[in-house]
$ cat data-v5.cif   # mmCIF, C-alpha atoms
data_target
#
loop_
_atom_site.label_atom_id
_atom_site.label_comp_id
_atom_site.auth_asym_id
_atom_site.auth_seq_id
_atom_site.Cartn_x
_atom_site.Cartn_y
_atom_site.Cartn_z
CA MET D 1 -20.93 38.98 14.10
CA ALA D 2 -21.36 40.03 17.73
CA LYS D 3 -24.84 40.88 18.92
CA GLU D 4 -25.37 44.62 19.20
CA ASN D 5 -27.11 45.94 22.28
CA ILE D 6 -29.67 47.99 20.35
CA ALA D 7 -32.13 49.91 22.49
CA PHE D 8 -35.86 49.16 22.48
CA LEU D 9 -37.27 52.69 22.13
CA VAL D 10 -40.33 53.57 24.22
CA ASN D 11 -42.46 56.72 23.96
CA LEU D 12 -44.72 58.41 26.49
CA ARG D 13 -48.29 59.35 25.60
CA LYS D 14 -50.83 61.18 27.75
CA ASN D 15 -54.29 59.69 28.26
CA THR D 16 -56.65 62.34 26.87
CA VAL D 17 -59.86 60.28 26.94
CA GLU D 18 -62.54 62.47 28.47
CA GLY D 19 -64.27 60.88 31.42
CA SER D 20 -61.54 58.30 31.95
CA LYS D 21 -60.37 57.82 35.53
CA MET D 22 -56.83 57.73 34.19
CA ALA D 23 -57.10 60.88 32.08
CA GLY D 24 -54.04 63.08 32.38
CA ARG D 25 -51.68 60.23 33.24
CA TYR D 26 -48.80 59.18 31.00
CA TYR D 27 -48.31 55.68 29.63
CA PRO D 28 -45.50 53.97 27.70
CA GLU D 29 -45.92 52.78 24.13
CA ALA D 30 -43.42 51.15 21.78
CA GLU D 31 -41.85 53.44 19.21
CA SER D 32 -43.27 52.65 15.78
CA ARG D 33 -40.62 51.36 13.40
CA GLU D 34 -40.76 50.24 9.80
CA ALA D 35 -41.03 46.46 9.62
CA LEU D 36 -37.95 44.54 8.55
CA THR D 37 -38.59 42.83 5.20
CA THR D 38 -37.74 39.23 4.40
CA LYS D 39 -34.62 40.42 2.60
CA GLY D 40 -33.64 42.61 5.54
CA PHE D 41 -34.18 39.77 8.01
CA ALA D 42 -32.26 37.34 5.81
CA LYS D 43 -29.36 39.77 5.72
CA HIS D 44 -29.47 40.11 9.51
CA VAL D 45 -29.46 36.34 10.06
CA SER D 46 -26.65 35.78 7.55
CA GLU D 47 -24.50 38.34 9.39
CA HIS D 48 -24.90 36.37 12.62
CA GLY D 49 -23.46 33.14 11.25
CA GLY D 50 -20.77 32.85 8.61
CA MET D 51 -22.05 29.43 7.45
CA ILE D 52 -25.45 30.79 6.35
CA THR D 53 -25.32 32.93 3.25
CA TYR D 54 -27.74 35.74 2.52
CA GLU D 55 -29.07 34.01 -0.62
CA TYR D 56 -29.61 30.70 1.18
CA MET D 57 -31.38 32.40 4.08
CA GLN D 58 -33.77 34.11 1.66
CA LEU D 59 -34.73 30.72 0.20
CA VAL D 60 -35.24 29.21 3.68
CA LEU D 61 -37.45 32.07 4.86
CA ALA D 62 -39.51 31.98 1.66
CA ALA D 63 -40.10 28.25 2.19
CA VAL D 64 -41.05 28.79 5.87
CA VAL D 65 -43.61 31.46 4.93
CA LYS D 66 -45.11 29.30 2.17
CA CYS D 67 -45.43 26.22 4.39
CA LEU D 68 -46.70 28.21 7.39
CA LYS D 69 -49.54 29.62 5.27
CA GLU D 70 -50.27 26.12 3.98
CA MET D 71 -50.53 24.73 7.52
CA MET D 72 -52.73 27.63 8.65
CA SER D 73 -55.10 27.07 5.70
CA GLN D 74 -55.52 23.47 6.88
CA GLY D 75 -56.26 24.48 10.48
CA GLN D 76 -52.94 23.09 11.67
CA PRO D 77 -51.12 25.03 14.45
CA VAL D 78 -47.35 25.26 14.06
CA LYS D 79 -44.97 25.58 16.98
CA LEU D 80 -41.49 26.98 16.45
CA ASP D 81 -39.49 25.94 19.50
CA GLY D 82 -38.09 28.88 21.42
CA LEU D 83 -40.40 31.32 19.61
CA GLY D 84 -44.01 30.25 19.99
CA THR D 85 -47.07 28.83 18.25
CA PHE D 86 -48.96 30.09 15.21
CA ARG D 87 -52.58 29.04 15.60
CA PRO D 88 -55.45 29.49 13.08
CA THR D 89 -58.79 30.89 14.26
CA VAL D 90 -62.12 31.69 12.62
CA THR D 91 -64.48 34.64 13.07
CA SER D 92 -68.25 34.46 12.72
CA VAL D 93 -70.61 36.67 10.79
CA VAL D 94 -72.46 39.17 12.98
CA GLY D 95 -75.10 37.42 15.07
CA GLY D 96 -73.95 33.91 14.29
CA ALA D 97 -76.74 31.38 13.85
CA ALA D 98 -79.88 31.06 16.00
CA SER D 99 -79.81 27.26 15.92
CA ILE D 100 -77.88 24.27 14.62
CA GLU D 101 -80.45 23.91 11.85
CA GLU D 102 -79.95 27.52 10.78
CA ALA D 103 -76.18 27.10 10.85
CA LEU D 104 -76.44 24.05 8.60
CA ARG D 105 -78.83 25.86 6.25
CA MET D 106 -76.49 28.85 6.00
CA GLY D 107 -73.53 26.67 5.14
CA ILE D 108 -70.09 26.93 6.70
CA ASN D 109 -68.81 29.46 4.15
CA ASN D 110 -71.66 31.83 4.99
CA LEU D 111 -71.33 31.42 8.75
CA VAL D 112 -67.57 31.92 8.89
CA ALA D 113 -66.71 35.54 8.15
CA GLY D 114 -62.95 35.03 7.99
CA VAL D 115 -59.94 32.93 8.92
CA ASN D 116 -57.09 34.47 10.89
CA PHE D 117 -54.13 33.17 12.78
CA VAL D 118 -52.69 34.34 16.06
CA PHE D 119 -49.25 34.04 17.54
CA ILE D 120 -48.83 32.69 21.07
CA PRO D 121 -45.32 33.34 22.49
CA GLU D 122 -43.30 30.47 23.91
CA ASN D 123 -43.99 29.89 27.59
CA VAL D 124 -41.95 26.77 28.32
CA GLN D 125 -39.61 27.10 31.30
CA GLY D 126 -36.25 28.39 30.16
CA GLU D 127 -37.67 29.66 26.86
CA GLU D 128 -40.22 32.22 28.09
CA ILE D 129 -40.59 35.18 25.77
CA THR D 130 -43.78 36.49 27.33
CA SER D 131 -44.31 39.85 28.96
CA LYS D 132 -42.10 40.27 32.05
CA LYS D 133 -39.71 37.48 31.09
CA PHE D 134 -39.04 38.90 27.63
CA LYS D 135 -38.64 42.37 29.10
CA GLU D 136 -35.46 41.12 30.79
CA GLN D 137 -33.93 40.59 27.34
CA CYS D 138 -34.69 44.13 26.19
CA SER D 139 -32.67 47.30 26.68
CA LEU D 140 -35.47 49.82 27.19
CA GLN D 141 -34.83 53.51 26.51
CA TYR D 142 -37.08 56.57 26.46
CA ALA D 143 -37.53 58.13 23.02
CA TYR D 144 -40.29 60.73 22.54
CA LEU D 145 -43.19 62.45 24.22
CA VAL D 146 -45.99 61.90 21.68
CA GLU D 147 -48.91 64.33 21.65
CA THR D 148 -51.84 64.27 19.23
CA PHE D 149 -53.76 67.44 18.49
CA LYS D 150 -56.88 68.18 16.46
CA LYS D 151 -57.23 71.28 14.36
CA THR D 152 -60.01 72.46 12.05
CA ILE D 153 -58.74 73.60 8.65
CA ASN D 154 -61.19 74.78 5.97
CA GLY D 155 -64.05 73.22 7.92
CA LYS D 156 -62.37 69.83 8.19
CA GLU D 157 -60.99 68.45 11.44
CA ARG D 158 -57.49 67.12 11.06
CA SER D 159 -55.20 65.37 13.51
CA TYR D 160 -51.49 65.96 13.75
CA THR D 161 -48.81 64.57 16.02
CA LEU D 162 -46.04 66.38 17.87
CA ARG D 163 -43.00 64.34 18.90
CA THR D 164 -40.66 65.88 21.47
CA PRO D 165 -37.42 64.02 22.34
CA LEU D 166 -37.59 63.11 26.01
CA SER D 167 -33.86 63.81 26.27
CA ALA D 168 -34.59 67.47 25.46
CA TRP D 169 -37.46 67.46 27.97
CA ASP D 170 -35.14 66.10 30.66
CA ILE D 171 -32.54 68.78 29.95
CA ALA D 172 -35.17 71.53 30.07
CA GLN D 173 -36.53 70.23 33.38
CA THR D 174 -33.03 70.01 34.86
CA GLU D 175 -32.25 73.58 33.86
CA SER D 176 -35.50 74.87 35.35
CA GLU D 177 -34.78 73.11 38.65
CA THR D 178 -31.16 74.36 38.92
CA PRO D 179 -30.96 77.36 41.36
CA ALA D 180 -29.83 80.59 39.69
CA SER D 181 -26.38 81.81 40.75
CA ASP D 182 -26.19 84.95 42.97
CA PRO D 183 -25.09 87.88 40.77
CA ASN D 184 -23.55 89.54 43.84
CA GLN D 185 -21.39 86.56 44.65
CA GLY D 186 -18.60 87.55 42.31
CA GLY D 187 -18.66 91.18 43.40
CA ASN D 188 -18.57 90.37 47.11
CA THR D 189 -15.79 87.89 46.65
CA GLY D 190 -13.75 90.32 44.67
CA GLY D 191 -14.47 93.21 47.03
CA ASN D 192 -13.77 91.27 50.19
CA THR D 193 -10.66 89.68 48.83
CA GLY D 194 -9.30 92.92 47.52
CA GLY D 195 -10.22 94.94 50.61
CA ASN D 196 -9.01 92.47 53.18
CA THR D 197 -5.84 91.61 51.38
CA GLY D 198 -4.97 95.23 50.76
CA GLY D 199 -5.76 96.29 54.34
CA ASN D 200 -3.83 93.49 55.99
CA THR D 201 -0.87 93.88 53.70
CA GLY D 202 -0.77 97.58 54.29
CA GLY D 203 -0.94 97.14 58.07
CA GLY D 204 1.86 94.59 57.98
CA ASP D 205 4.11 96.83 55.95
CA ASN D 206 3.49 99.78 58.27
CA GLY D 207 4.35 97.68 61.29
CA GLY D 208 7.59 96.65 59.65
CA ASP D 209 8.49 100.22 58.77
CA ASN D 210 7.89 101.32 62.36
CA GLY D 211 10.24 98.65 63.60
CA ASP D 212 12.96 99.91 61.29
CA ASP D 213 12.55 103.50 62.56
CA ASP D 214 13.12 102.31 66.10
#
$ encode --input "data-v5.cif" --output "structure tokens"
Amino acid sequence: MAKENIAFLVNLRKNTVEGSKMAGRYYPEAESREALTTKGFAKHVSEHGGMITYEYMQLVLAAVVKCLKEMMSQGQPVKLDGLGTFRPTVTSVVGGAASIEEALRMGINNLVAGVNFVFIPENVQGEEITSKKFKEQCSLQYAYLVETFKKTINGKERSYTLRTPLSAWDIAQTESETPASDPNQGGNTGGNTGGNTGGNTGGGDNGGDNGDDD
């Protein structure tokens, strides 16, 4: 199946943070989309290569997820060539420990608040999928102007979002910048054309008639 050139949708949002030096300026943000599930991704992959069936791809992805979690739980980073590295990290309880002795007294399970893992995109030459390099592989397209408003209803402050298609905004701006046509233009054209044509034609006919009389 040929790769479709699907647009990466980008919205605009205004900085409304009071006191910010950048308040009032507009910034891009990625359009929020529902995440593709394992089944959805398996279907996508299977459609790219006829030799990989949907059912087989589901089994492979399930095994990858299981083993990736296993490696992370053991503190073992995993690098997927061409994609990047999954690396486990730990977070501390608030305040940490005042000394080595206190840390040992607390015990590792009391000092470590949680275990996470982060993803570090591939940055090997020829395989870069970081920031500016990966941007070159994307087909960026404006989507919406996103505005968030707050309104008090029954004593409770609620937030709601307004999404305006930027295509509609562009059309409205274009129309407002287009000079209005002169309402007299049609009348003058018609009047001048009719008057001049009639006058000249009449004069020509009269001249011809006078020549016949002679």
$ closest_residue --input "data-v5.cif" --among "D:Leu111, D:Val78, D:Cys138, D:Ala7" --to "Ala97 of chain D" --atoms "only C-alpha atoms"
D:Leu111
$ closest_residue --input "data-v5.cif" --among "D:Val146, D:Ala42, D:Val94, D:Val124" --to "Asn110 of chain D" --atoms "all atoms listed in the file"
D:Val94
$ resolve_selection --input "data-v5.cif" --expression "the PyMOL selection byres ((chain D and resi 12) around 7)" --output "number ranges by chain"
D: 10-11, 13-14, 26-29, 144-146
$ closest_residue --input "data-v5.cif" --among "D:Gly82, D:Asn116, D:Thr37, D:Ala103" --to "Lys69 of chain D" --atoms "only C-alpha atoms"
D:Asn116
$ resolve_selection --input "data-v5.cif" --expression "the PyMOL selection byres ((chain D and resi 57) around 12)" --output "short mmCIF file (atom, residue, chain, number, x, y, z; two decimals) with C-alpha atoms, keeping the file's coordinate frame"
data_model
loop_
_atom_site.label_atom_id
_atom_site.label_comp_id
_atom_site.auth_asym_id
_atom_site.auth_seq_id
_atom_site.Cartn_x
_atom_site.Cartn_y
_atom_site.Cartn_z
CA THR D 38 -37.74 39.23 4.40
CA LYS D 39 -34.62 40.42 2.60
CA GLY D 40 -33.64 42.61 5.54
CA PHE D 41 -34.18 39.77 8.01
CA ALA D 42 -32.26 37.34 5.81
CA LYS D 43 -29.36 39.77 5.72
CA HIS D 44 -29.47 40.11 9.51
CA VAL D 45 -29.46 36.34 10.06
CA SER D 46 -26.65 35.78 7.55
CA GLU D 47 -24.50 38.34 9.39
CA HIS D 48 -24.90 36.37 12.62
CA GLY D 49 -23.46 33.14 11.25
CA GLY D 50 -20.77 32.85 8.61
CA MET D 51 -22.05 29.43 7.45
CA ILE D 52 -25.45 30.79 6.35
CA THR D 53 -25.32 32.93 3.25
CA TYR D 54 -27.74 35.74 2.52
CA GLU D 55 -29.07 34.01 -0.62
CA TYR D 56 -29.61 30.70 1.18
CA GLN D 58 -33.77 34.11 1.66
CA LEU D 59 -34.73 30.72 0.20
CA VAL D 60 -35.24 29.21 3.68
CA LEU D 61 -37.45 32.07 4.86
CA ALA D 62 -39.51 31.98 1.66
CA ALA D 63 -40.10 28.25 2.19
CA VAL D 64 -41.05 28.79 5.87
#
$ atom_distance --input "data-v5.cif" --atom1 "atom CA of Val112 of chain D" --atom2 "atom CA of Ser92 of chain D"
4.6 Å
$ atom_distance --input "data-v5.cif" --atom1 "atom CA of Arg33 of chain D" --atom2 "atom CA of Val65 of chain D"
21.8 Å
$ atom_distance --input "data-v5.cif" --atom1 "atom CA of Glu136 of chain D" --atom2 "atom CA of Leu166 of chain D"
22.6 Å
$ residues_around --input "data-v5.cif" --residues "Arg25 of chain D" --least-positions-apart "2" --cutoff "6 Å" --atoms "all atoms listed in the file" --output "VMD selection string"
chain D and resid 14 to 15 22 to 23
$ axis_aligned_box --input "data-v5.cif" --around "segment 127-130 of chain D" --padding-each-side "4 Å" --output "lines of an AutoDock Vina configuration file"
center_x = -40.7
center_y = 33.1
center_z = 26.9
size_x = 14.1
size_y = 14.8
size_z = 10.3
$ decode --input "data-v5.cif" --residues "segment 3-28 of chain D" --atoms "N, CA, C and O atoms" --output "PDB file, in the first residue's frame"
ATOM      1  N   LYS D   3       2.254   4.949   0.619  1.00  0.00           N
ATOM      2  CA  LYS D   3       2.169   5.853   1.767  1.00  0.00           C
ATOM      3  C   LYS D   3       1.362   7.084   1.404  1.00  0.00           C
ATOM      4  O   LYS D   3       1.616   7.747   0.410  1.00  0.00           O
ATOM      5  N   GLU D   4       0.350   7.385   2.231  1.00  0.00           N
ATOM      6  CA  GLU D   4      -0.477   8.558   2.002  1.00  0.00           C
ATOM      7  C   GLU D   4       0.199   9.785   2.620  1.00  0.00           C
ATOM      8  O   GLU D   4       0.781   9.711   3.692  1.00  0.00           O
ATOM      9  N   ASN D   5       0.102  10.896   1.911  1.00  0.00           N
ATOM     10  CA  ASN D   5       0.680  12.131   2.419  1.00  0.00           C
ATOM     11  C   ASN D   5      -0.363  12.829   3.290  1.00  0.00           C
ATOM     12  O   ASN D   5      -1.015  13.785   2.874  1.00  0.00           O
ATOM     13  N   ILE D   6      -0.541  12.302   4.503  1.00  0.00           N
ATOM     14  CA  ILE D   6      -1.552  12.834   5.422  1.00  0.00           C
ATOM     15  C   ILE D   6      -0.989  14.025   6.174  1.00  0.00           C
ATOM     16  O   ILE D   6       0.133  13.968   6.700  1.00  0.00           O
ATOM     17  N   ALA D   7      -1.747  15.093   6.224  1.00  0.00           N
ATOM     18  CA  ALA D   7      -1.280  16.335   6.840  1.00  0.00           C
ATOM     19  C   ALA D   7      -1.151  16.212   8.355  1.00  0.00           C
ATOM     20  O   ALA D   7      -1.932  15.524   9.009  1.00  0.00           O
ATOM     21  N   PHE D   8      -0.139  16.878   8.893  1.00  0.00           N
ATOM     22  CA  PHE D   8       0.053  17.025  10.330  1.00  0.00           C
ATOM     23  C   PHE D   8      -0.654  18.332  10.684  1.00  0.00           C
ATOM     24  O   PHE D   8      -0.175  19.417  10.351  1.00  0.00           O
ATOM     25  N   LEU D   9      -1.813  18.237  11.347  1.00  0.00           N
ATOM     26  CA  LEU D   9      -2.619  19.418  11.634  1.00  0.00           C
ATOM     27  C   LEU D   9      -2.074  20.212  12.821  1.00  0.00           C
ATOM     28  O   LEU D   9      -1.728  19.643  13.856  1.00  0.00           O
ATOM     29  N   VAL D  10      -1.989  21.529  12.632  1.00  0.00           N
ATOM     30  CA  VAL D  10      -1.443  22.424  13.656  1.00  0.00           C
ATOM     31  C   VAL D  10      -2.432  23.552  13.926  1.00  0.00           C
ATOM     32  O   VAL D  10      -2.954  24.171  12.991  1.00  0.00           O
ATOM     33  N   ASN D  11      -2.705  23.796  15.199  1.00  0.00           N
ATOM     34  CA  ASN D  11      -3.617  24.870  15.600  1.00  0.00           C
ATOM     35  C   ASN D  11      -2.837  26.112  16.031  1.00  0.00           C
ATOM     36  O   ASN D  11      -1.630  26.052  16.277  1.00  0.00           O
ATOM     37  N   LEU D  12      -3.551  27.213  16.137  1.00  0.00           N
ATOM     38  CA  LEU D  12      -2.985  28.443  16.695  1.00  0.00           C
ATOM     39  C   LEU D  12      -3.702  28.750  18.005  1.00  0.00           C
ATOM     40  O   LEU D  12      -4.920  28.610  18.097  1.00  0.00           O
ATOM     41  N   ARG D  13      -2.925  29.139  19.012  1.00  0.00           N
ATOM     42  CA  ARG D  13      -3.516  29.513  20.298  1.00  0.00           C
ATOM     43  C   ARG D  13      -2.844  30.792  20.785  1.00  0.00           C
ATOM     44  O   ARG D  13      -1.627  30.939  20.695  1.00  0.00           O
ATOM     45  N   LYS D  14      -3.651  31.699  21.311  1.00  0.00           N
ATOM     46  CA  LYS D  14      -3.155  32.982  21.790  1.00  0.00           C
ATOM     47  C   LYS D  14      -2.662  32.861  23.227  1.00  0.00           C
ATOM     48  O   LYS D  14      -3.299  32.215  24.065  1.00  0.00           O
ATOM     49  N   ASN D  15      -1.516  33.477  23.507  1.00  0.00           N
ATOM     50  CA  ASN D  15      -0.988  33.502  24.870  1.00  0.00           C
ATOM     51  C   ASN D  15      -1.796  34.518  25.677  1.00  0.00           C
ATOM     52  O   ASN D  15      -1.754  35.722  25.412  1.00  0.00           O
ATOM     53  N   THR D  16      -2.547  34.021  26.661  1.00  0.00           N
ATOM     54  CA  THR D  16      -3.399  34.907  27.469  1.00  0.00           C
ATOM     55  C   THR D  16      -2.910  35.011  28.913  1.00  0.00           C
ATOM     56  O   THR D  16      -3.657  35.439  29.784  1.00  0.00           O
ATOM     57  N   VAL D  17      -1.659  34.621  29.146  1.00  0.00           N
ATOM     58  CA  VAL D  17      -1.108  34.671  30.505  1.00  0.00           C
ATOM     59  C   VAL D  17      -0.830  36.122  30.885  1.00  0.00           C
ATOM     60  O   VAL D  17      -0.014  36.794  30.256  1.00  0.00           O
ATOM     61  N   GLU D  18      -1.527  36.585  31.896  1.00  0.00           N
ATOM     62  CA  GLU D  18      -1.360  37.967  32.331  1.00  0.00           C
ATOM     63  C   GLU D  18       0.050  38.199  32.872  1.00  0.00           C
ATOM     64  O   GLU D  18       0.576  37.395  33.636  1.00  0.00           O
ATOM     65  N   GLY D  19       0.651  39.295  32.443  1.00  0.00           N
ATOM     66  CA  GLY D  19       1.982  39.631  32.910  1.00  0.00           C
ATOM     67  C   GLY D  19       3.092  39.044  32.057  1.00  0.00           C
ATOM     68  O   GLY D  19       4.256  39.412  32.209  1.00  0.00           O
ATOM     69  N   SER D  20       2.742  38.142  31.153  1.00  0.00           N
ATOM     70  CA  SER D  20       3.749  37.538  30.288  1.00  0.00           C
ATOM     71  C   SER D  20       4.192  38.535  29.223  1.00  0.00           C
ATOM     72  O   SER D  20       3.382  39.282  28.677  1.00  0.00           O
ATOM     73  N   LYS D  21       5.502  38.545  28.926  1.00  0.00           N
ATOM     74  CA  LYS D  21       6.009  39.435  27.893  1.00  0.00           C
ATOM     75  C   LYS D  21       5.477  39.048  26.515  1.00  0.00           C
ATOM     76  O   LYS D  21       5.463  39.873  25.591  1.00  0.00           O
ATOM     77  N   MET D  22       5.052  37.817  26.388  1.00  0.00           N
ATOM     78  CA  MET D  22       4.564  37.317  25.110  1.00  0.00           C
ATOM     79  C   MET D  22       3.041  37.248  25.046  1.00  0.00           C
ATOM     80  O   MET D  22       2.485  36.639  24.137  1.00  0.00           O
ATOM     81  N   ALA D  23       2.384  37.864  26.014  1.00  0.00           N
ATOM     82  CA  ALA D  23       0.913  37.858  26.017  1.00  0.00           C
ATOM     83  C   ALA D  23       0.387  38.533  24.753  1.00  0.00           C
ATOM     84  O   ALA D  23       0.903  39.562  24.319  1.00  0.00           O
ATOM     85  N   GLY D  24      -0.638  37.925  24.175  1.00  0.00           N
ATOM     86  CA  GLY D  24      -1.244  38.486  22.973  1.00  0.00           C
ATOM     87  C   GLY D  24      -0.686  37.917  21.682  1.00  0.00           C
ATOM     88  O   GLY D  24      -1.255  38.127  20.613  1.00  0.00           O
ATOM     89  N   ARG D  25       0.426  37.175  21.779  1.00  0.00           N
ATOM     90  CA  ARG D  25       1.013  36.581  20.578  1.00  0.00           C
ATOM     91  C   ARG D  25       0.444  35.179  20.366  1.00  0.00           C
ATOM     92  O   ARG D  25      -0.013  34.533  21.308  1.00  0.00           O
ATOM     93  N   TYR D  26       0.476  34.729  19.124  1.00  0.00           N
ATOM     94  CA  TYR D  26      -0.087  33.425  18.779  1.00  0.00           C
ATOM     95  C   TYR D  26       1.013  32.394  18.570  1.00  0.00           C
ATOM     96  O   TYR D  26       2.046  32.687  17.967  1.00  0.00           O
ATOM     97  N   TYR D  27       0.753  31.183  19.061  1.00  0.00           N
ATOM     98  CA  TYR D  27       1.736  30.110  18.972  1.00  0.00           C
ATOM     99  C   TYR D  27       1.096  28.839  18.415  1.00  0.00           C
ATOM    100  O   TYR D  27      -0.096  28.589  18.621  1.00  0.00           O
ATOM    101  N   PRO D  28       1.898  28.020  17.706  1.00  0.00           N
ATOM    102  CA  PRO D  28       1.358  26.780  17.153  1.00  0.00           C
ATOM    103  C   PRO D  28       1.305  25.671  18.196  1.00  0.00           C
ATOM    104  O   PRO D  28       2.127  25.630  19.118  1.00  0.00           O
TER     105      PRO D  28
END
